[in-house]
Amino acid sequence: MTLRGLRLRDVLRFLGEYVRPRPRVGELSLNEVKQRLDRGEALLFDCNLASDYARRHLPGARHIGLAPPDRSRLPADRDAELIFYCSAPLCLSCHLAAREALRLGYRRVRVMPDGIRGWAAAGYPLRTAESCGTPRRVVS
């Protein structure tokens, strides 16, 4: 069963995040992420649906999706700074991915809780399907 691309198990996992307290992951403001991007100091991971990533994402971001990442999708260097983001503050997929990265032994893990919506609202640059050379598909 899917709801706009979400599987039931993903929906239930996200609901659990709202009712069960979890250790918090360090957060970065939009400006802090922008500065790190400009200096090439961090790796960005997009935790949105594939269709949303294809439509727009932060420059240089790698798509992780809603499922927690495994080691093969993360860098070999466990001291690299990893920044995860999703759509907006109430979306928790970036927190889930960041906690999994911590569990896998990565030491410098942060989230950008404002997500891509906050990034776009601040006027920061985005990669779009057109700027990536990918034709935009119309979904009906």
# chains A, B, ... in the order shown; residues from 1 in each chain; ligands from 1
>>> closest_atom_pairs(of="range 35-66 of chain A", to="range 78-90 of chain A", cutoff="8 Å", atoms="only C-alpha atoms", output="JSON lines")
{"residue": "A:Glu41", "atom": "CA", "partner": "A:Glu81", "partner_atom": "CA", "distance": 7.2}
{"residue": "A:Ala42", "atom": "CA", "partner": "A:Glu81", "partner_atom": "CA", "distance": 4.9}
{"residue": "A:Leu43", "atom": "CA", "partner": "A:Leu82", "partner_atom": "CA", "distance": 5.0}
{"residue": "A:Leu44", "atom": "CA", "partner": "A:Ile83", "partner_atom": "CA", "distance": 4.9}
{"residue": "A:Phe45", "atom": "CA", "partner": "A:Phe84", "partner_atom": "CA", "distance": 4.7}
{"residue": "A:Asp46", "atom": "CA", "partner": "A:Tyr85", "partner_atom": "CA", "distance": 5.4}
{"residue": "A:Cys47", "atom": "CA", "partner": "A:Cys86", "partner_atom": "CA", "distance": 4.8}
{"residue": "A:Asn48", "atom": "CA", "partner": "A:Cys86", "partner_atom": "CA", "distance": 5.3}
>>> write_last_selection(atoms="C-alpha atoms", output="compact mmCIF listing (two decimals), in the first residue's frame")
# COMPACT_ATOMS: atom_id res chain seq x y z
CA GLU A 41 33.30 21.00 3.77
CA ALA A 42 30.36 18.61 3.95
CA LEU A 43 28.45 15.95 2.08
CA LEU A 44 24.71 16.51 1.66
CA PHE A 45 22.09 13.79 1.59
CA ASP A 46 18.52 14.30 0.38
CA CYS A 47 15.97 12.20 2.29
CA ASN A 48 12.96 12.97 0.12
>>> residues_around(residues="Ile116 in chain A", least_positions_apart="2", cutoff="12 Å", atoms="only C-alpha atoms", output="PDB file with N, CA and C atoms, in the first residue's frame")
ATOM      1  N   SER A  29      21.638  25.490  10.841  1.00  0.00           N
ATOM      2  CA  SER A  29      20.747  26.457  10.197  1.00  0.00           C
ATOM      3  C   SER A  29      20.994  26.447   8.692  1.00  0.00           C
ATOM      4  N   LEU A  30      20.091  27.058   7.967  1.00  0.00           N
ATOM      5  CA  LEU A  30      20.255  27.167   6.516  1.00  0.00           C
ATOM      6  C   LEU A  30      21.575  27.865   6.177  1.00  0.00           C
ATOM      7  N   VAL A  33      24.612  25.615   6.699  1.00  0.00           N
ATOM      8  CA  VAL A  33      24.735  24.631   5.615  1.00  0.00           C
ATOM      9  C   VAL A  33      25.266  25.310   4.360  1.00  0.00           C
ATOM     10  N   LEU A  44      26.149  16.341   1.443  1.00  0.00           N
ATOM     11  CA  LEU A  44      24.713  16.509   1.656  1.00  0.00           C
ATOM     12  C   LEU A  44      23.958  15.283   1.174  1.00  0.00           C
ATOM     13  N   PHE A  45      22.918  14.929   1.944  1.00  0.00           N
ATOM     14  CA  PHE A  45      22.088  13.787   1.594  1.00  0.00           C
ATOM     15  C   PHE A  45      20.623  14.188   1.629  1.00  0.00           C
ATOM     16  N   ASP A  46      19.943  13.977   0.525  1.00  0.00           N
ATOM     17  CA  ASP A  46      18.524  14.301   0.375  1.00  0.00           C
ATOM     18  C   ASP A  46      17.693  13.093   0.787  1.00  0.00           C
ATOM     19  N   CYS A  47      16.808  13.291   1.750  1.00  0.00           N
ATOM     20  CA  CYS A  47      15.974  12.204   2.295  1.00  0.00           C
ATOM     21  C   CYS A  47      14.522  12.349   1.863  1.00  0.00           C
ATOM     22  N   ASN A  48      14.299  12.810   0.662  1.00  0.00           N
ATOM     23  CA  ASN A  48      12.961  12.973   0.116  1.00  0.00           C
ATOM     24  C   ASN A  48      12.652  11.859  -0.878  1.00  0.00           C
ATOM     25  N   ASP A  52      10.668  13.866  -5.841  1.00  0.00           N
ATOM     26  CA  ASP A  52      10.965  15.211  -5.332  1.00  0.00           C
ATOM     27  C   ASP A  52      12.423  15.568  -5.573  1.00  0.00           C
ATOM     28  N   TYR A  53      13.314  14.599  -5.365  1.00  0.00           N
ATOM     29  CA  TYR A  53      14.735  14.825  -5.618  1.00  0.00           C
ATOM     30  C   TYR A  53      14.959  15.148  -7.099  1.00  0.00           C
ATOM     31  N   ARG A  55      12.938  16.497  -9.093  1.00  0.00           N
ATOM     32  CA  ARG A  55      12.368  17.816  -9.402  1.00  0.00           C
ATOM     33  C   ARG A  55      13.278  18.941  -8.924  1.00  0.00           C
ATOM     34  N   ARG A  56      13.824  18.799  -7.688  1.00  0.00           N
ATOM     35  CA  ARG A  56      14.736  19.822  -7.168  1.00  0.00           C
ATOM     36  C   ARG A  56      15.463  19.282  -5.940  1.00  0.00           C
ATOM     37  N   HIS A  57      16.709  19.707  -5.809  1.00  0.00           N
ATOM     38  CA  HIS A  57      17.520  19.317  -4.655  1.00  0.00           C
ATOM     39  C   HIS A  57      18.655  20.320  -4.478  1.00  0.00           C
ATOM     40  N   LEU A  58      19.313  20.258  -3.342  1.00  0.00           N
ATOM     41  CA  LEU A  58      20.433  21.146  -3.083  1.00  0.00           C
ATOM     42  C   LEU A  58      21.604  20.757  -3.976  1.00  0.00           C
ATOM     43  N   PRO A  59      22.390  21.737  -4.393  1.00  0.00           N
ATOM     44  CA  PRO A  59      23.547  21.436  -5.249  1.00  0.00           C
ATOM     45  C   PRO A  59      24.486  20.440  -4.567  1.00  0.00           C
ATOM     46  N   ALA A  61      23.856  17.442  -3.594  1.00  0.00           N
ATOM     47  CA  ALA A  61      23.214  16.478  -2.692  1.00  0.00           C
ATOM     48  C   ALA A  61      23.081  15.116  -3.358  1.00  0.00           C
ATOM     49  N   PHE A  84      22.104  15.767   6.519  1.00  0.00           N
ATOM     50  CA  PHE A  84      20.889  15.187   5.964  1.00  0.00           C
ATOM     51  C   PHE A  84      19.772  16.227   6.007  1.00  0.00           C
ATOM     52  N   TYR A  85      18.954  16.252   4.943  1.00  0.00           N
ATOM     53  CA  TYR A  85      17.786  17.132   4.942  1.00  0.00           C
ATOM     54  C   TYR A  85      16.620  16.423   4.283  1.00  0.00           C
ATOM     55  N   CYS A  86      15.417  16.882   4.602  1.00  0.00           N
ATOM     56  CA  CYS A  86      14.214  16.351   3.950  1.00  0.00           C
ATOM     57  C   CYS A  86      13.398  17.540   3.465  1.00  0.00           C
ATOM     58  N   SER A  87      12.087  17.492   3.601  1.00  0.00           N
ATOM     59  CA  SER A  87      11.282  18.540   2.990  1.00  0.00           C
ATOM     60  C   SER A  87      11.070  19.771   3.864  1.00  0.00           C
ATOM     61  N   ALA A  88      10.789  19.583   5.153  1.00  0.00           N
ATOM     62  CA  ALA A  88      10.421  20.699   6.022  1.00  0.00           C
ATOM     63  C   ALA A  88      10.588  20.279   7.486  1.00  0.00           C
ATOM     64  N   PRO A  89      10.444  21.213   8.431  1.00  0.00           N
ATOM     65  CA  PRO A  89      10.678  20.887   9.845  1.00  0.00           C
ATOM     66  C   PRO A  89       9.873  19.715  10.403  1.00  0.00           C
ATOM     67  N   CYS A  91       8.989  17.024   8.827  1.00  0.00           N
ATOM     68  CA  CYS A  91       9.407  15.776   8.197  1.00  0.00           C
ATOM     69  C   CYS A  91      10.561  15.201   9.012  1.00  0.00           C
ATOM     70  N   CYS A  94      15.033  12.911   7.581  1.00  0.00           N
ATOM     71  CA  CYS A  94      16.452  13.264   7.727  1.00  0.00           C
ATOM     72  C   CYS A  94      16.963  12.874   9.116  1.00  0.00           C
ATOM     73  N   VAL A 111      21.688  17.468  10.856  1.00  0.00           N
ATOM     74  CA  VAL A 111      20.504  17.616  10.015  1.00  0.00           C
ATOM     75  C   VAL A 111      20.257  19.096   9.769  1.00  0.00           C
ATOM     76  N   MET A 112      19.598  19.382   8.654  1.00  0.00           N
ATOM     77  CA  MET A 112      19.120  20.722   8.345  1.00  0.00           C
ATOM     78  C   MET A 112      17.599  20.652   8.451  1.00  0.00           C
ATOM     79  N   PRO A 113      17.040  20.947   9.634  1.00  0.00           N
ATOM     80  CA  PRO A 113      15.612  20.716   9.855  1.00  0.00           C
ATOM     81  C   PRO A 113      14.678  21.567   8.993  1.00  0.00           C
ATOM     82  N   ASP A 114      15.135  22.714   8.503  1.00  0.00           N
ATOM     83  CA  ASP A 114      14.265  23.541   7.668  1.00  0.00           C
ATOM     84  C   ASP A 114      13.983  22.900   6.317  1.00  0.00           C
ATOM     85  N   GLY A 118      12.598  25.318   3.298  1.00  0.00           N
ATOM     86  CA  GLY A 118      13.250  26.461   3.936  1.00  0.00           C
ATOM     87  C   GLY A 118      14.384  26.996   3.096  1.00  0.00           C
ATOM     88  N   TRP A 119      15.156  26.082   2.505  1.00  0.00           N
ATOM     89  CA  TRP A 119      16.274  26.450   1.635  1.00  0.00           C
ATOM     90  C   TRP A 119      15.762  27.277   0.447  1.00  0.00           C
ATOM     91  N   ALA A 120      14.704  26.796  -0.190  1.00  0.00           N
ATOM     92  CA  ALA A 120      14.141  27.507  -1.346  1.00  0.00           C
ATOM     93  C   ALA A 120      13.568  28.860  -0.930  1.00  0.00           C
ATOM     94  N   ALA A 121      12.878  28.903   0.210  1.00  0.00           N
ATOM     95  CA  ALA A 121      12.285  30.159   0.694  1.00  0.00           C
ATOM     96  C   ALA A 121      13.363  31.204   1.006  1.00  0.00           C
ATOM     97  N   ALA A 122      14.544  30.744   1.415  1.00  0.00           N
ATOM     98  CA  ALA A 122      15.647  31.663   1.708  1.00  0.00           C
ATOM     99  C   ALA A 122      16.317  32.173   0.427  1.00  0.00           C
ATOM    100  N   GLY A 123      15.937  31.612  -0.714  1.00  0.00           N
ATOM    101  CA  GLY A 123      16.491  32.061  -1.988  1.00  0.00           C
ATOM    102  C   GLY A 123      17.830  31.435  -2.337  1.00  0.00           C
ATOM    103  N   TYR A 124      18.203  30.367  -1.631  1.00  0.00           N
ATOM    104  CA  TYR A 124      19.464  29.695  -1.928  1.00  0.00           C
ATOM    105  C   TYR A 124      19.313  28.854  -3.198  1.00  0.00           C
ATOM    106  N   PRO A 125      20.427  28.554  -3.871  1.00  0.00           N
ATOM    107  CA  PRO A 125      20.346  27.853  -5.149  1.00  0.00           C
ATOM    108  C   PRO A 125      19.870  26.408  -5.010  1.00  0.00           C
ATOM    109  N   LEU A 126      19.163  25.981  -6.031  1.00  0.00           N
ATOM    110  CA  LEU A 126      18.673  24.605  -6.126  1.00  0.00           C
ATOM    111  C   LEU A 126      19.062  24.039  -7.477  1.00  0.00           C
ATOM    112  N   ARG A 127      19.260  22.751  -7.503  1.00  0.00           N
ATOM    113  CA  ARG A 127      19.403  22.049  -8.773  1.00  0.00           C
ATOM    114  C   ARG A 127      18.013  21.568  -9.140  1.00  0.00           C
TER     115      ARG A 127
END
>>> residues_around(residues="Leu104 in chain A", least_positions_apart="6", cutoff="10 Å", atoms="only C-alpha atoms", output="list in words")
Pro69, Asp70, Arg71, Leu74, Arg78 and Ala98 of chain A
>>> residues_around(residues="Asp77 in chain A", least_positions_apart="4", cutoff="10 Å", atoms="only C-alpha atoms", output="NGL selection string")
:A and (81 or 105-107)
>>> closest_residue(among="A:Ile64, A:Arg110, A:Ser93, A:Arg103", to="Arg36 in chain A", atoms="only C-alpha atoms")
A:Arg110
>>> closest_residue(among="A:Leu92, A:Val109, A:Leu66, A:Ala129", to="Arg9 in chain A", atoms="only C-alpha atoms")
A:Leu66
>>> atom_distance(atom1="CA of Ala76 in chain A", atom2="CA of Thr128 in chain A")
27.9 Å
>>> select_by_dssp(residues="range 7-126 of chain A", states="strand (DSSP E or B)", output="list of chain:residue names")
A:Arg7, A:Gly26, A:Glu27, A:Leu43, A:Leu44, A:Phe45, A:Asp46, A:Arg56, A:His57, A:Arg62, A:His63, A:Glu81, A:Leu82, A:Ile83, A:Phe84, A:Tyr85, A:Arg108, A:Val109, A:Arg110, A:Val111, A:Met112
>>> write_last_selection(atoms="C-alpha atoms", output="mmCIF file, in the first residue's frame")
data_model
loop_
_atom_site.group_PDB
_atom_site.id
_atom_site.type_symbol
_atom_site.label_atom_id
_atom_site.label_comp_id
_atom_site.auth_asym_id
_atom_site.auth_seq_id
_atom_site.Cartn_x
_atom_site.Cartn_y
_atom_site.Cartn_z
ATOM 1 C CA ARG A 7 4.917 2.575 1.820
ATOM 2 C CA GLY A 26 22.852 18.123 15.915
ATOM 3 C CA GLU A 27 21.075 20.688 13.772
ATOM 4 C CA LEU A 43 28.447 15.947 2.083
ATOM 5 C CA LEU A 44 24.713 16.509 1.656
ATOM 6 C CA PHE A 45 22.088 13.787 1.594
ATOM 7 C CA ASP A 46 18.524 14.301 0.375
ATOM 8 C CA ARG A 56 14.736 19.822 -7.168
ATOM 9 C CA HIS A 57 17.520 19.317 -4.655
ATOM 10 C CA ARG A 62 23.082 12.706 -3.003
ATOM 11 C CA HIS A 63 19.689 11.042 -2.895
ATOM 12 C CA GLU A 81 30.780 15.706 7.865
ATOM 13 C CA LEU A 82 27.383 14.414 6.740
ATOM 14 C CA ILE A 83 24.335 16.671 6.509
ATOM 15 C CA PHE A 84 20.889 15.187 5.964
ATOM 16 C CA TYR A 85 17.786 17.132 4.942
ATOM 17 C CA ARG A 108 30.106 14.271 12.354
ATOM 18 C CA VAL A 109 26.410 13.938 11.519
ATOM 19 C CA ARG A 110 23.951 16.831 11.371
ATOM 20 C CA VAL A 111 20.504 17.616 10.015
ATOM 21 C CA MET A 112 19.120 20.722 8.345
#
>>> select_by_dssp(residues="range 2-138 of chain A", states="helix (DSSP H, G or I)", output="PyMOL selection string")
chain A and resi 8-19+30-39+50-55+71-73+93-103+115-121
>>> write_last_selection(atoms="N, CA and C atoms", output="tab-separated table (two decimals), in the first residue's frame")
chain	number	residue	atom	x	y	z
A	8	LEU	N	3.46	1.73	3.56
A	8	LEU	CA	2.84	1.70	4.88
A	8	LEU	C	3.89	1.60	5.98
A	9	ARG	N	4.92	0.77	5.78
A	9	ARG	CA	5.94	0.63	6.82
A	9	ARG	C	6.68	1.94	7.06
A	10	ASP	N	6.88	2.75	6.00
A	10	ASP	CA	7.53	4.05	6.18
A	10	ASP	C	6.64	4.99	6.98
A	11	VAL	N	5.35	4.98	6.67
A	11	VAL	CA	4.40	5.83	7.40
A	11	VAL	C	4.39	5.45	8.88
A	12	LEU	N	4.35	4.16	9.18
A	12	LEU	CA	4.33	3.71	10.57
A	12	LEU	C	5.65	4.05	11.28
A	13	ARG	N	6.76	3.95	10.59
A	13	ARG	CA	8.04	4.31	11.18
A	13	ARG	C	8.09	5.80	11.52
A	14	PHE	N	7.58	6.64	10.62
A	14	PHE	CA	7.56	8.08	10.87
A	14	PHE	C	6.63	8.42	12.03
A	15	LEU	N	5.48	7.76	12.09
A	15	LEU	CA	4.56	7.99	13.21
A	15	LEU	C	5.23	7.64	14.53
A	16	GLY	N	5.97	6.56	14.57
A	16	GLY	CA	6.70	6.18	15.77
A	16	GLY	C	7.69	7.24	16.21
A	17	GLU	N	8.25	7.97	15.28
A	17	GLU	CA	9.20	9.03	15.62
A	17	GLU	C	8.51	10.17	16.37
A	18	TYR	N	7.25	10.40	16.09
A	18	TYR	CA	6.53	11.48	16.76
A	18	TYR	C	6.13	11.11	18.18
A	19	VAL	N	5.92	9.83	18.47
A	19	VAL	CA	5.43	9.44	19.78
A	19	VAL	C	6.51	8.87	20.69
A	30	LEU	N	20.09	27.06	7.97
A	30	LEU	CA	20.26	27.17	6.52
A	30	LEU	C	21.58	27.87	6.18
A	31	ASN	N	21.87	28.94	6.90
A	31	ASN	CA	23.09	29.70	6.64
A	31	ASN	C	24.35	28.86	6.92
A	32	GLU	N	24.32	28.08	8.00
A	32	GLU	CA	25.47	27.22	8.31
A	32	GLU	C	25.69	26.18	7.21
A	33	VAL	N	24.61	25.62	6.70
A	33	VAL	CA	24.73	24.63	5.62
A	33	VAL	C	25.27	25.31	4.36
A	34	LYS	N	24.75	26.48	4.05
A	34	LYS	CA	25.20	27.23	2.87
A	34	LYS	C	26.70	27.51	2.96
A	35	GLN	N	27.17	27.93	4.13
A	35	GLN	CA	28.60	28.21	4.31
A	35	GLN	C	29.44	26.94	4.12
A	36	ARG	N	28.99	25.84	4.66
A	36	ARG	CA	29.73	24.57	4.50
A	36	ARG	C	29.74	24.13	3.04
A	37	LEU	N	28.61	24.32	2.36
A	37	LEU	CA	28.54	23.99	0.93
A	37	LEU	C	29.52	24.85	0.14
A	38	ASP	N	29.51	26.14	0.41
A	38	ASP	CA	30.39	27.06	-0.32
A	38	ASP	C	31.86	26.71	-0.13
A	39	ARG	N	32.21	26.19	1.05
A	39	ARG	CA	33.60	25.83	1.35
A	39	ARG	C	33.91	24.38	0.99
A	50	ALA	N	12.12	10.05	-4.39
A	50	ALA	CA	12.92	10.15	-5.62
A	50	ALA	C	12.34	11.17	-6.59
A	51	SER	N	11.02	11.23	-6.68
A	51	SER	CA	10.40	12.19	-7.60
A	51	SER	C	10.65	13.63	-7.16
A	52	ASP	N	10.67	13.87	-5.84
A	52	ASP	CA	10.96	15.21	-5.33
A	52	ASP	C	12.42	15.57	-5.57
A	53	TYR	N	13.31	14.60	-5.36
A	53	TYR	CA	14.74	14.82	-5.62
A	53	TYR	C	14.96	15.15	-7.10
A	54	ALA	N	14.29	14.41	-7.97
A	54	ALA	CA	14.46	14.64	-9.41
A	54	ALA	C	13.96	16.04	-9.80
A	55	ARG	N	12.94	16.50	-9.09
A	55	ARG	CA	12.37	17.82	-9.40
A	55	ARG	C	13.28	18.94	-8.92
A	71	ARG	N	25.76	1.36	4.69
A	71	ARG	CA	27.15	1.81	4.49
A	71	ARG	C	27.49	2.04	3.02
A	72	SER	N	26.90	1.28	2.13
A	72	SER	CA	27.25	1.40	0.71
A	72	SER	C	26.82	2.76	0.13
A	73	ARG	N	25.90	3.43	0.78
A	73	ARG	CA	25.41	4.72	0.27
A	73	ARG	C	26.09	5.90	0.96
A	93	SER	N	12.36	12.25	8.10
A	93	SER	CA	13.21	11.28	7.41
A	93	SER	C	14.69	11.63	7.52
A	94	CYS	N	15.03	12.91	7.58
A	94	CYS	CA	16.45	13.26	7.73
A	94	CYS	C	16.96	12.87	9.12
A	95	HIS	N	16.11	12.97	10.13
A	95	HIS	CA	16.53	12.57	11.48
A	95	HIS	C	16.76	11.06	11.55
A	96	LEU	N	15.88	10.30	10.91
A	96	LEU	CA	16.04	8.84	10.88
A	96	LEU	C	17.35	8.46	10.18
A	97	ALA	N	17.62	9.09	9.05
A	97	ALA	CA	18.85	8.79	8.30
A	97	ALA	C	20.08	9.19	9.10
A	98	ALA	N	20.03	10.34	9.75
A	98	ALA	CA	21.17	10.82	10.54
A	98	ALA	C	21.45	9.88	11.72
A	99	ARG	N	20.40	9.44	12.39
A	99	ARG	CA	20.60	8.52	13.51
A	99	ARG	C	21.18	7.18	13.03
A	100	GLU	N	20.77	6.74	11.86
A	100	GLU	CA	21.33	5.50	11.31
A	100	GLU	C	22.82	5.70	10.98
A	101	ALA	N	23.18	6.87	10.45
A	101	ALA	CA	24.59	7.14	10.16
A	101	ALA	C	25.41	7.14	11.46
A	102	LEU	N	24.86	7.71	12.52
A	102	LEU	CA	25.55	7.66	13.82
A	102	LEU	C	25.71	6.22	14.28
A	103	ARG	N	24.66	5.43	14.13
A	103	ARG	CA	24.71	4.02	14.53
A	103	ARG	C	25.78	3.26	13.74
A	115	GLY	N	14.80	21.95	5.93
A	115	GLY	CA	14.57	21.19	4.71
A	115	GLY	C	14.66	22.01	3.44
A	116	ILE	N	14.30	21.36	2.36
A	116	ILE	CA	14.42	22.01	1.05
A	116	ILE	C	13.44	23.18	0.90
A	117	ARG	N	12.31	23.10	1.58
A	117	ARG	CA	11.36	24.21	1.52
A	117	ARG	C	11.95	25.46	2.15
A	118	GLY	N	12.60	25.32	3.30
A	118	GLY	CA	13.25	26.46	3.94
A	118	GLY	C	14.38	27.00	3.10
A	119	TRP	N	15.16	26.08	2.51
A	119	TRP	CA	16.27	26.45	1.63
A	119	TRP	C	15.76	27.28	0.45
A	120	ALA	N	14.70	26.80	-0.19
A	120	ALA	CA	14.14	27.51	-1.35
A	120	ALA	C	13.57	28.86	-0.93
A	121	ALA	N	12.88	28.90	0.21
A	121	ALA	CA	12.28	30.16	0.69
A	121	ALA	C	13.36	31.20	1.01
